[in-house]
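The next block is run.txt, given as compact mmCIF, C-alpha atoms and all ligand atoms.
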```txt
# COMPACT_ATOMS: atom_id res chain seq x y z
CA MET A 1 -314.08 -207.79 34.24
CA LYS A 2 -311.62 -205.05 35.13
CA ILE A 3 -307.94 -204.85 34.19
CA ILE A 4 -305.72 -202.66 36.35
CA LYS A 5 -302.18 -202.07 35.16
CA LEU A 6 -299.47 -201.90 37.78
CA LYS A 7 -296.69 -200.01 36.01
CA LEU A 8 -293.14 -200.84 37.06
CA LYS A 9 -291.16 -200.70 33.81
CA ASP A 10 -290.08 -204.26 32.92
CA ARG A 11 -291.77 -205.58 36.07
CA SER A 12 -295.21 -204.24 35.12
CA TYR A 13 -298.20 -206.57 35.32
CA ASN A 14 -301.97 -206.73 35.14
CA ILE A 15 -304.33 -207.17 38.04
CA ILE A 16 -307.48 -208.74 36.64
CA THR A 17 -310.63 -208.71 38.75
CA GLY A 18 -314.06 -210.09 37.96
CA ARG A 19 -316.62 -212.73 38.81
CA ASN A 20 -316.67 -216.29 37.44
CA ILE A 21 -313.60 -215.64 35.28
CA MET A 22 -311.50 -218.72 36.06
CA ASN A 23 -312.09 -220.10 32.55
CA ARG A 24 -310.13 -217.11 31.20
CA LEU A 25 -307.07 -217.51 33.42
CA ALA A 26 -305.13 -219.84 31.10
CA SER A 27 -305.31 -217.54 28.11
CA TYR A 28 -303.93 -214.65 30.19
CA ILE A 29 -301.09 -216.87 31.42
CA SER A 30 -300.37 -218.05 27.85
CA GLU A 31 -299.93 -214.42 26.76
CA LEU A 32 -297.10 -214.04 29.28
CA ASN A 33 -295.05 -216.74 27.56
CA ILE A 34 -293.66 -218.07 30.85
CA GLY A 35 -293.84 -221.77 30.01
CA LYS A 36 -296.35 -224.61 30.11
CA ASP A 37 -295.41 -226.22 33.43
CA ALA A 38 -297.50 -224.87 36.27
CA TYR A 39 -296.42 -225.69 39.82
CA ILE A 40 -299.43 -224.84 41.97
CA ILE A 41 -298.93 -224.14 45.67
CA THR A 42 -302.14 -224.37 47.66
CA ASN A 43 -303.71 -226.11 50.67
CA SER A 44 -306.33 -228.82 51.12
CA THR A 45 -309.18 -226.37 51.90
CA ILE A 46 -308.72 -224.48 48.66
CA ASN A 47 -307.90 -227.59 46.68
CA ARG A 48 -311.11 -229.27 47.86
CA ASN A 49 -313.20 -226.28 46.82
CA TYR A 50 -311.49 -225.14 43.64
CA GLY A 51 -308.62 -227.47 42.70
CA LYS A 52 -310.57 -229.14 39.88
CA LEU A 53 -311.76 -225.79 38.54
CA LEU A 54 -308.17 -224.53 38.29
CA SER A 55 -306.82 -227.79 36.93
CA LYS A 56 -309.52 -227.97 34.24
CA ALA A 57 -308.97 -224.35 33.21
CA LEU A 58 -305.23 -224.93 32.76
CA LYS A 59 -305.37 -228.36 31.13
CA LYS A 60 -307.79 -227.08 28.50
CA HIS A 61 -304.93 -224.85 27.34
CA LYS A 62 -302.42 -227.75 27.47
CA PHE A 63 -300.62 -226.71 30.64
CA ASN A 64 -298.95 -229.47 32.71
CA VAL A 65 -300.03 -229.05 36.28
CA ARG A 66 -298.57 -230.21 39.56
CA PHE A 67 -300.34 -229.38 42.81
CA LYS A 68 -298.39 -229.05 46.04
CA LEU A 69 -300.43 -228.84 49.23
CA VAL A 70 -299.08 -227.19 52.36
CA LYS A 71 -300.66 -227.16 55.81
CA ASP A 72 -303.48 -224.68 56.28
CA THR A 73 -301.77 -222.49 58.86
CA GLU A 74 -299.52 -219.44 59.20
CA ALA A 75 -296.81 -221.94 60.23
CA SER A 76 -296.51 -222.88 56.52
CA LYS A 77 -294.83 -219.52 56.02
CA SER A 78 -291.56 -221.04 57.19
CA ILE A 79 -288.12 -221.63 55.76
CA GLU A 80 -288.58 -225.36 56.46
CA THR A 81 -291.73 -225.57 54.30
CA ALA A 82 -290.08 -223.44 51.62
CA SER A 83 -287.05 -225.73 51.58
CA LEU A 84 -289.20 -228.89 51.18
CA ILE A 85 -291.14 -227.33 48.32
CA ILE A 86 -288.01 -226.12 46.55
CA LYS A 87 -286.66 -229.69 46.57
CA ASP A 88 -289.95 -230.93 45.12
CA ILE A 89 -289.83 -228.27 42.41
CA ALA A 90 -286.27 -229.25 41.55
CA ASN A 91 -287.42 -232.87 41.06
CA PHE A 92 -290.33 -231.77 38.87
CA ASP A 93 -288.07 -229.42 36.95
CA LYS A 94 -286.66 -231.81 34.33
CA LYS A 95 -286.53 -230.23 30.88
CA LYS A 96 -289.30 -227.88 31.90
CA ARG A 97 -290.04 -224.19 31.99
CA ILE A 98 -291.66 -223.92 35.35
CA PHE A 99 -293.71 -221.11 36.76
CA ILE A 100 -295.52 -221.04 40.08
CA ILE A 101 -299.17 -220.34 40.77
CA ALA A 102 -299.95 -219.13 44.28
CA PHE A 103 -303.49 -220.42 44.75
CA GLY A 104 -304.75 -219.27 48.13
CA GLY A 105 -304.77 -216.55 50.72
CA GLY A 106 -301.95 -214.40 52.01
CA VAL A 107 -300.11 -217.31 53.61
CA ILE A 108 -299.84 -219.25 50.34
CA GLY A 109 -299.13 -216.04 48.40
CA ASP A 110 -296.27 -214.88 50.63
CA LEU A 111 -294.74 -218.37 50.70
CA ALA A 112 -295.09 -219.07 46.97
CA GLY A 113 -293.74 -215.62 46.06
CA PHE A 114 -290.77 -216.17 48.34
CA ILE A 115 -289.99 -219.53 46.70
CA ALA A 116 -290.36 -218.02 43.23
CA SER A 117 -287.92 -215.27 44.20
CA ILE A 118 -285.11 -217.63 45.20
CA TYR A 119 -285.49 -220.79 43.08
CA LYS A 120 -282.92 -220.49 40.27
CA ARG A 121 -282.51 -216.84 41.35
CA GLY A 122 -286.09 -216.18 40.39
CA ILE A 123 -288.78 -217.83 38.29
CA PRO A 124 -292.12 -216.33 37.20
CA TYR A 125 -295.16 -216.61 39.42
CA VAL A 126 -298.85 -215.79 39.16
CA HIS A 127 -301.21 -215.00 42.02
CA VAL A 128 -304.70 -216.45 42.03
CA PRO A 129 -305.82 -215.08 45.40
CA THR A 130 -308.72 -216.83 47.12
CA THR A 131 -309.32 -214.72 50.25
CA LEU A 132 -310.69 -211.20 50.41
CA LEU A 133 -307.54 -210.12 52.20
CA ALA A 134 -305.34 -211.53 49.44
CA GLN A 135 -307.47 -210.05 46.64
CA VAL A 136 -307.46 -206.53 48.10
CA ASP A 137 -303.95 -206.48 49.44
CA SER A 138 -301.39 -209.26 49.81
CA SER A 139 -301.34 -210.54 46.21
CA ILE A 140 -300.44 -207.07 44.91
CA GLY A 141 -297.06 -205.41 45.21
CA GLY A 142 -294.50 -208.19 45.39
CA LYS A 143 -293.85 -208.40 49.11
CA THR A 144 -292.90 -212.01 49.67
CA ALA A 145 -291.92 -213.52 53.00
CA VAL A 146 -291.65 -216.36 55.44
CA ASP A 147 -291.70 -215.93 59.20
CA LEU A 148 -288.88 -216.72 61.60
CA ARG A 149 -289.32 -217.71 65.23
CA GLU A 150 -287.80 -214.31 65.95
CA GLY A 151 -290.52 -212.42 64.10
CA LYS A 152 -293.05 -212.25 61.31
CA ASN A 153 -292.06 -211.74 57.67
CA LEU A 154 -288.39 -211.38 58.61
CA LEU A 155 -287.12 -213.32 55.60
CA GLY A 156 -288.25 -212.20 52.19
CA ALA A 157 -287.76 -210.16 49.08
CA PHE A 158 -289.55 -207.71 46.87
CA TYR A 159 -290.39 -209.87 43.88
CA GLN A 160 -293.28 -208.95 41.63
CA PRO A 161 -295.73 -211.53 40.21
CA ARG A 162 -296.37 -211.64 36.47
CA LEU A 163 -300.14 -211.53 36.90
CA VAL A 164 -302.72 -211.19 39.66
CA PHE A 165 -306.02 -212.85 38.80
CA SER A 166 -308.82 -212.23 41.33
CA ASP A 167 -312.09 -214.07 40.80
CA THR A 168 -314.53 -212.83 43.46
CA ALA A 169 -316.72 -215.92 42.92
CA LEU A 170 -314.04 -217.87 44.83
CA LEU A 171 -314.85 -215.81 47.94
CA LYS A 172 -318.27 -217.42 48.36
CA THR A 173 -316.85 -220.26 50.46
CA LEU A 174 -315.03 -217.97 52.89
CA SER A 175 -316.22 -217.93 56.49
CA VAL A 176 -317.63 -214.66 57.83
CA ARG A 177 -314.54 -214.46 60.04
CA GLN A 178 -312.33 -214.47 56.93
CA ILE A 179 -314.50 -211.87 55.19
CA ARG A 180 -314.14 -209.68 58.30
CA SER A 181 -310.41 -210.17 58.29
CA GLY A 182 -310.22 -208.92 54.68
CA LEU A 183 -312.50 -206.01 55.57
CA ALA A 184 -309.90 -204.80 58.07
CA GLU A 185 -307.51 -204.11 55.18
CA VAL A 186 -310.35 -202.54 53.17
CA ILE A 187 -311.12 -200.18 56.08
CA LYS A 188 -307.40 -199.40 56.15
CA TYR A 189 -307.52 -198.23 52.50
CA GLY A 190 -310.43 -195.95 53.39
CA ILE A 191 -308.58 -194.41 56.32
CA ILE A 192 -305.27 -193.90 54.53
CA LYS A 193 -306.42 -192.86 51.07
CA ASP A 194 -310.08 -192.90 50.21
CA PRO A 195 -312.79 -191.05 52.21
CA GLN A 196 -315.41 -192.12 49.63
CA LEU A 197 -314.55 -195.77 50.14
CA PHE A 198 -314.77 -195.22 53.91
CA GLY A 199 -318.25 -193.69 53.49
CA TYR A 200 -319.28 -196.57 51.21
CA LEU A 201 -318.21 -199.05 53.89
CA GLU A 202 -320.15 -197.19 56.56
CA LYS A 203 -323.30 -197.55 54.42
CA ASN A 204 -322.75 -201.06 53.04
CA ILE A 205 -320.99 -203.01 55.74
CA LYS A 206 -323.91 -205.45 56.08
CA ALA A 207 -323.80 -206.29 52.36
CA MET A 208 -320.08 -206.99 52.72
CA LEU A 209 -320.61 -209.27 55.67
CA ALA A 210 -323.27 -211.14 53.72
CA SER A 211 -320.66 -211.55 50.91
CA LYS A 212 -322.89 -209.74 48.43
CA GLN A 213 -321.07 -210.17 45.12
CA SER A 214 -321.63 -206.64 43.80
CA ALA A 215 -320.22 -205.15 47.01
CA LEU A 216 -317.23 -207.50 47.01
CA GLY A 217 -316.57 -206.79 43.32
CA PHE A 218 -316.58 -203.07 44.02
CA ILE A 219 -314.14 -203.19 46.92
CA VAL A 220 -311.75 -205.66 45.28
CA GLY A 221 -311.51 -203.39 42.21
CA ARG A 222 -311.20 -200.19 44.23
CA CYS A 223 -308.58 -201.48 46.67
CA SER A 224 -306.53 -203.16 43.91
CA HIS A 225 -306.47 -199.82 42.11
CA ILE A 226 -305.33 -197.91 45.22
CA LYS A 227 -302.64 -200.46 46.00
CA ALA A 228 -301.34 -200.46 42.41
CA LEU A 229 -301.06 -196.65 42.47
CA ILE A 230 -299.11 -196.72 45.73
CA VAL A 231 -296.79 -199.58 44.77
CA GLN A 232 -295.87 -198.13 41.40
CA GLN A 233 -294.72 -194.92 43.09
CA ASP A 234 -292.63 -196.62 45.76
CA GLU A 235 -292.05 -200.29 44.96
CA ARG A 236 -289.49 -200.92 47.69
CA GLU A 237 -290.93 -198.67 50.38
CA GLU A 238 -288.08 -196.20 50.19
CA LYS A 239 -289.95 -192.92 49.75
CA LYS A 240 -292.41 -192.99 52.66
CA ILE A 241 -295.24 -193.57 50.15
CA ARG A 242 -295.76 -197.34 50.43
CA THR A 243 -295.18 -197.01 54.18
CA ILE A 244 -298.76 -195.76 54.64
CA LEU A 245 -300.02 -199.27 53.79
CA ASN A 246 -298.63 -200.23 57.18
CA PHE A 247 -301.27 -198.20 59.04
CA GLY A 248 -302.22 -200.31 62.06
CA HIS A 249 -299.51 -202.86 61.34
CA THR A 250 -296.90 -201.83 63.97
CA ILE A 251 -299.13 -202.82 66.87
CA GLY A 252 -301.10 -205.30 64.71
CA HIS A 253 -298.06 -207.44 63.92
CA ALA A 254 -297.04 -207.25 67.58
CA ILE A 255 -300.48 -208.58 68.63
CA GLU A 256 -300.22 -211.45 66.13
CA ALA A 257 -296.71 -212.36 67.31
CA ALA A 258 -297.56 -212.01 71.02
CA GLY A 259 -300.44 -214.44 70.47
CA ASN A 260 -298.09 -216.88 68.68
CA TYR A 261 -300.21 -216.45 65.52
CA ALA A 262 -302.83 -218.65 67.14
CA GLY A 263 -305.15 -216.02 68.61
CA TYR A 264 -306.10 -213.15 66.36
CA ASN A 265 -305.76 -213.64 62.61
CA HIS A 266 -304.02 -211.01 60.48
CA GLY A 267 -307.02 -208.81 59.77
CA GLU A 268 -308.28 -208.95 63.36
CA ALA A 269 -304.87 -207.95 64.67
CA ILE A 270 -304.65 -205.12 62.13
CA ALA A 271 -308.08 -203.88 63.23
CA LEU A 272 -306.78 -203.66 66.81
CA GLY A 273 -303.58 -202.03 65.53
CA MET A 274 -305.68 -199.43 63.67
CA MET A 275 -307.63 -198.73 66.87
CA ALA A 276 -304.31 -198.12 68.68
CA ALA A 277 -302.85 -195.98 65.85
CA SER A 278 -306.06 -193.91 65.71
CA ARG A 279 -305.97 -193.33 69.46
CA ILE A 280 -302.35 -192.20 69.23
CA SER A 281 -303.43 -189.89 66.38
CA GLU A 282 -306.13 -188.37 68.60
CA LYS A 283 -303.70 -188.00 71.48
CA ARG A 284 -301.38 -186.05 69.13
CA ASN A 285 -304.33 -183.83 68.08
CA LEU A 286 -304.15 -185.09 64.50
CA ILE A 287 -307.81 -186.15 64.56
CA ASN A 288 -310.71 -185.12 66.74
CA SER A 289 -312.77 -187.46 68.88
CA ALA A 290 -315.59 -187.59 66.27
CA THR A 291 -313.20 -189.00 63.65
CA LEU A 292 -311.81 -191.47 66.15
CA GLN A 293 -315.38 -192.52 66.89
CA ARG A 294 -316.15 -193.05 63.17
CA ILE A 295 -313.12 -195.32 62.81
CA GLU A 296 -313.92 -197.28 65.96
CA ASN A 297 -317.57 -197.62 64.96
CA LEU A 298 -316.76 -198.98 61.51
CA ILE A 299 -314.31 -201.51 62.91
CA GLY A 300 -316.96 -202.59 65.42
CA GLU A 301 -319.75 -202.70 62.79
CA ALA A 302 -317.55 -204.96 60.67
CA GLY A 303 -317.56 -207.39 63.60
CA LEU A 304 -313.82 -206.99 64.09
CA PRO A 305 -312.39 -207.00 67.61
CA THR A 306 -312.27 -203.66 69.41
CA SER A 307 -310.65 -204.92 72.59
CA ILE A 308 -307.81 -207.34 73.26
CA LYS A 309 -308.39 -210.65 75.01
CA ASN A 310 -305.96 -213.42 75.96
CA VAL A 311 -302.80 -211.72 74.70
CA PRO A 312 -300.61 -210.30 77.49
CA PHE A 313 -300.02 -206.53 77.36
CA GLY A 314 -296.30 -206.93 78.15
CA ASN A 315 -295.76 -209.40 75.31
CA ILE A 316 -297.31 -206.98 72.80
CA ILE A 317 -295.00 -204.19 73.94
CA LYS A 318 -292.02 -206.57 73.74
CA SER A 319 -293.01 -207.77 70.23
CA HIS A 320 -293.55 -204.27 68.85
CA TYR A 321 -289.79 -203.63 69.03
CA ARG A 322 -289.36 -206.16 66.22
CA ASP A 323 -291.29 -204.01 63.74
CA LYS A 324 -289.33 -203.62 60.49
CA LYS A 325 -290.08 -199.89 60.47
CA PHE A 326 -287.88 -199.31 63.55
CA ILE A 327 -284.80 -197.30 62.67
CA GLY A 328 -282.28 -198.12 65.38
CA SER A 329 -284.19 -197.50 68.59
CA ARG A 330 -286.58 -195.01 66.95
CA ASN A 331 -290.02 -196.38 66.19
CA ARG A 332 -292.04 -195.27 63.17
CA PHE A 333 -295.84 -195.06 63.17
CA VAL A 334 -298.28 -194.34 60.39
CA LEU A 335 -300.92 -192.07 61.92
CA THR A 336 -304.10 -190.55 60.53
CA LYS A 337 -304.76 -186.81 60.10
CA GLY A 338 -308.38 -187.41 59.08
CA ILE A 339 -310.16 -189.97 56.90
CA GLY A 340 -308.07 -190.33 53.72
CA LYS A 341 -304.97 -188.61 55.12
CA THR A 342 -301.88 -189.95 56.84
CA VAL A 343 -298.69 -188.73 58.43
CA ILE A 344 -295.60 -190.76 59.27
CA VAL A 345 -294.25 -189.98 62.73
CA ASP A 346 -290.99 -191.25 64.22
CA ASN A 347 -290.18 -191.71 67.86
CA ILE A 348 -293.58 -191.86 69.50
CA PRO A 349 -292.86 -191.98 73.27
CA LEU A 350 -293.41 -195.40 74.82
CA ASN A 351 -295.84 -194.01 77.40
CA ILE A 352 -298.19 -192.82 74.61
CA ILE A 353 -298.07 -196.21 72.90
CA LYS A 354 -298.74 -197.95 76.21
CA GLU A 355 -301.61 -195.61 77.01
CA ALA A 356 -303.28 -196.21 73.61
CA LEU A 357 -302.84 -199.95 73.99
CA LYS A 358 -304.10 -200.03 77.59
CA ARG A 359 -307.39 -198.54 76.47
CA LEU A 360 -307.91 -201.67 74.35
CA PHE A 361 -307.79 -203.98 77.40
P1 LIG B 401 -304.77 -217.34 54.98
O1 LIG B 401 -303.94 -217.39 53.79
O2 LIG B 401 -304.34 -218.10 56.18
O3 LIG B 401 -306.27 -217.77 54.61
C1 LIG B 401 -307.25 -217.74 55.61
C2 LIG B 401 -308.04 -219.03 55.67
O4 LIG B 401 -308.97 -219.05 54.59
C3 LIG B 401 -307.22 -220.29 55.53
O5 LIG B 401 -307.70 -221.25 56.43
C4 LIG B 401 -307.48 -220.73 54.09
O6 LIG B 401 -307.34 -222.11 53.89
C5 LIG B 401 -308.89 -220.30 53.91
N1 LIG B 401 -309.29 -220.06 52.54
C6 LIG B 401 -308.57 -219.43 51.58
N2 LIG B 401 -309.33 -219.25 50.49
C7 LIG B 401 -310.53 -219.80 50.74
C8 LIG B 401 -311.73 -219.89 50.01
N3 LIG B 401 -311.87 -219.35 48.81
N4 LIG B 401 -312.78 -220.53 50.58
C9 LIG B 401 -312.69 -221.03 51.84
N5 LIG B 401 -311.57 -220.93 52.59
C10 LIG B 401 -310.51 -220.32 52.04
O7 LIG B 401 -304.96 -215.82 55.50
P2 LIG B 401 -305.08 -214.45 54.75
O8 LIG B 401 -305.85 -213.60 55.67
O9 LIG B 401 -305.51 -214.58 53.35
O10 LIG B 401 -303.57 -213.93 54.71
C11 LIG B 401 -302.86 -213.63 55.88
C12 LIG B 401 -301.38 -213.62 55.55
O11 LIG B 401 -301.14 -212.61 54.56
C13 LIG B 401 -300.49 -213.29 56.72
O12 LIG B 401 -299.41 -214.17 56.74
C14 LIG B 401 -300.01 -211.88 56.42
O13 LIG B 401 -298.75 -211.61 56.96
C15 LIG B 401 -299.98 -211.89 54.92
N6 LIG B 401 -300.07 -210.55 54.29
C16 LIG B 401 -299.17 -210.25 53.33
C17 LIG B 401 -299.23 -209.02 52.69
C18 LIG B 401 -298.27 -208.70 51.58
O14 LIG B 401 -298.27 -207.57 51.08
N7 LIG B 401 -297.48 -209.64 51.11
C19 LIG B 401 -300.23 -208.10 53.03
C20 LIG B 401 -301.15 -208.45 54.02
C21 LIG B 401 -301.06 -209.70 54.65
N1 LIG B 402 -299.25 -204.84 52.87
C1 LIG B 402 -298.27 -203.79 52.89
C2 LIG B 402 -297.59 -203.59 51.60
O1 LIG B 402 -297.83 -204.30 50.65
O2 LIG B 402 -296.75 -202.73 51.49
```
What is this structure when it is put down as structure tokens?
Amino acid sequence: MKIIKLKLKDRSYNIITGRNIMNRLASYISELNIGKDAYIITNSTINRNYGKLLSKALKKHKFNVRFKLVKDTEASKSIETASLIIKDIANFDKKKRIFIIAFGGGVIGDLAGFIASIYKRGIPYVHVPTTLLAQVDSSIGGKTAVDLREGKNLLGAFYQPRLVFSDTALLKTLSVRQIRSGLAEVIKYGIIKDPQLFGYLEKNIKAMLASKQSALGFIVGRCSHIKALIVQQDEREEKKIRTILNFGHTIGHAIEAAGNYAGYNHGEAIALGMMAASRISEKRNLINSATLQRIENLIGEAGLPTSIKNVPFGNIIKSHYRDKKFIGSRNRFVLTKGIGKTVIVDNIPLNIIKEALKRLF
């Protein structure tokens, strides 16, 4: 078991990673002194696989538990779902000290964190992430959000959890597609910050795809550590430090939105976004063609998409204007200057973006 401390003064918390550690969750929650009434937000897939395990672990330590299931889709990240859940929490909340457990992937985590941030102006919440993507990325750092029809993650707050508890044994039921999706964010960490991790992935990608526990344990620990270091330096993305985590996300989010969140999943879209950002980087002479090739090869070896199908080019260009990093009409891209190094560049001409994107069709 590994304990990583994310240091943010009075908002500091532990990220605990390990294998088969669910029986230790309740004692870590007890230490936080956040109450005995656990409101668990999850979905039927996760509940079917692990609901009893979580319930048993909490009840053994005399927690009251209430499970709330939402639909297993990105559409659950909506203000309508949040509103229904908040009413349910208010009904449950009679003479209680409620805290929320986000038990699921990034969809559940973003939604549950958002609800925790606004109910009674903020109640404590704990992440128990169940996807690779959530364990390496979305559960850490306090970005909470729901989507609007107008764009992804447009409504949300920075609101830190009190604990992140990642048991890699829960990943064994993930489909290969979901493992790949998480690997996209892991590749991102290699490109933006960690050449050694990138090299490790190049050598061990098959073990990852086979969900080998030792490989998963290594990357969950390593990525959690990198993310904690970044977030504690720039919690609210104000100093151009946290911004680098958005490598591949400008075009990636646009691909997700242009496909109405029904085509490519988050990791797949980010993989395509990283391909586009890397090509723009090469075009700007920030990387040479050999580095571009290494990035493209790793994305391909991970079984992630390397070309775009069934999402119209024009819709992606239209959607990319909604990126939260836009400052007025100036866009902002995170580009790579070599494996492990980034640069933030504003105002990339539209023709260069279009050219990079066209090469993916
Ligand atoms: P997800 O939450 O939709 O989960 C993917 C699928 O895996 C779902 O069908 C889910 O039911 C299933 N699943 C979850 N755990 C399982 C398990 N252990 N076994 C079997 N199936 C399981 O998708 P995701 O990729 O985890 O998250 C994507 C979301 O995360 C997007 O909405 C994205 O915007 C968000 N995100 C947020 C941040 C952040 O910093 N807050 C960062 C990255 C992504
Ligand atoms: N996933 C981007 C961030 O947490 O900042």
Polymer residues at most 12 Å from (-320.4, -200.6, 54.5) by only C-alpha atoms, as a ChimeraX atom specification: /A:180,183-184,186-187,190,196-212,215-216,218-219,297-303
Which residue of A:Lys172, A:Ile344, A:Arg162, A:His320 approaches Lys239 of chain A most closely, using all atoms listed in the file: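 For Lys239 of chain A, the nearest of the candidates is A:Ile344.
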Contact residues around Gly263 of chain A with all atoms listed in the file at 8 Å, ignoring same-chain residues under 5 positions, as a PyMOL selection string: chain A and resi 256+310-311
Surroundings of ligand LIG 402 (chain B) up to 7 Å, based on only C-alpha atoms and all ligand atoms, as number ranges by chain: A: 137-138, 140-141, 143, 242-243, 245-246
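Closest approach to Ala157 of chain A among A:Lys9, A:Arg330, A:Arg236, A:Arg66 is made by A:Arg236 (distances from only C-alpha atoms).
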Counting all atoms listed in the file, what are the residues, protein, DNA or RNA alike, that approach ligand LIG 401 (chain B) to within 8 Å? I want them as a tab-separated table (two decimals) with C-alpha atoms, in the frame of the given file.
```tsv
chain	number	residue	atom	x	y	z
A	43	ASN	CA	-303.71	-226.11	50.67
A	44	SER	CA	-306.33	-228.82	51.12
A	45	THR	CA	-309.18	-226.37	51.90
A	46	ILE	CA	-308.72	-224.48	48.66
A	49	ASN	CA	-313.20	-226.28	46.82
A	50	TYR	CA	-311.49	-225.14	43.64
A	72	ASP	CA	-303.48	-224.68	56.28
A	73	THR	CA	-301.77	-222.49	58.86
A	74	GLU	CA	-299.52	-219.44	59.20
A	77	LYS	CA	-294.83	-219.52	56.02
A	104	GLY	CA	-304.75	-219.27	48.13
A	105	GLY	CA	-304.77	-216.55	50.72
A	106	GLY	CA	-301.95	-214.40	52.01
A	107	VAL	CA	-300.11	-217.31	53.61
A	108	ILE	CA	-299.84	-219.25	50.34
A	109	GLY	CA	-299.13	-216.04	48.40
A	110	ASP	CA	-296.27	-214.88	50.63
A	129	PRO	CA	-305.82	-215.08	45.40
A	130	THR	CA	-308.72	-216.83	47.12
A	131	THR	CA	-309.32	-214.72	50.25
A	132	LEU	CA	-310.69	-211.20	50.41
A	133	LEU	CA	-307.54	-210.12	52.20
A	134	ALA	CA	-305.34	-211.53	49.44
A	137	ASP	CA	-303.95	-206.48	49.44
A	138	SER	CA	-301.39	-209.26	49.81
A	139	SER	CA	-301.34	-210.54	46.21
A	140	ILE	CA	-300.44	-207.07	44.91
A	141	GLY	CA	-297.06	-205.41	45.21
A	142	GLY	CA	-294.50	-208.19	45.39
A	143	LYS	CA	-293.85	-208.40	49.11
A	144	THR	CA	-292.90	-212.01	49.67
A	145	ALA	CA	-291.92	-213.52	53.00
A	152	LYS	CA	-293.05	-212.25	61.31
A	153	ASN	CA	-292.06	-211.74	57.67
A	170	LEU	CA	-314.04	-217.87	44.83
A	171	LEU	CA	-314.85	-215.81	47.94
A	172	LYS	CA	-318.27	-217.42	48.36
A	173	THR	CA	-316.85	-220.26	50.46
A	174	LEU	CA	-315.03	-217.97	52.89
A	175	SER	CA	-316.22	-217.93	56.49
A	178	GLN	CA	-312.33	-214.47	56.93
A	181	SER	CA	-310.41	-210.17	58.29
A	182	GLY	CA	-310.22	-208.92	54.68
A	185	GLU	CA	-307.51	-204.11	55.18
A	265	ASN	CA	-305.76	-213.64	62.61
A	266	HIS	CA	-304.02	-211.01	60.48
A	267	GLY	CA	-307.02	-208.81	59.77
```
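For the atom pair formed by atom CA of Leu155 of chain A and atom CA of Ala102 of chain A, the distance is 18.1 Å, given to one decimal.
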Two-atom distance - atom CA of Asn23 of chain A, atom CA of Val176 of chain A (Å):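 Between atom CA of Asn23 of chain A and atom CA of Val176 of chain A the gap works out to 26.4 Å.
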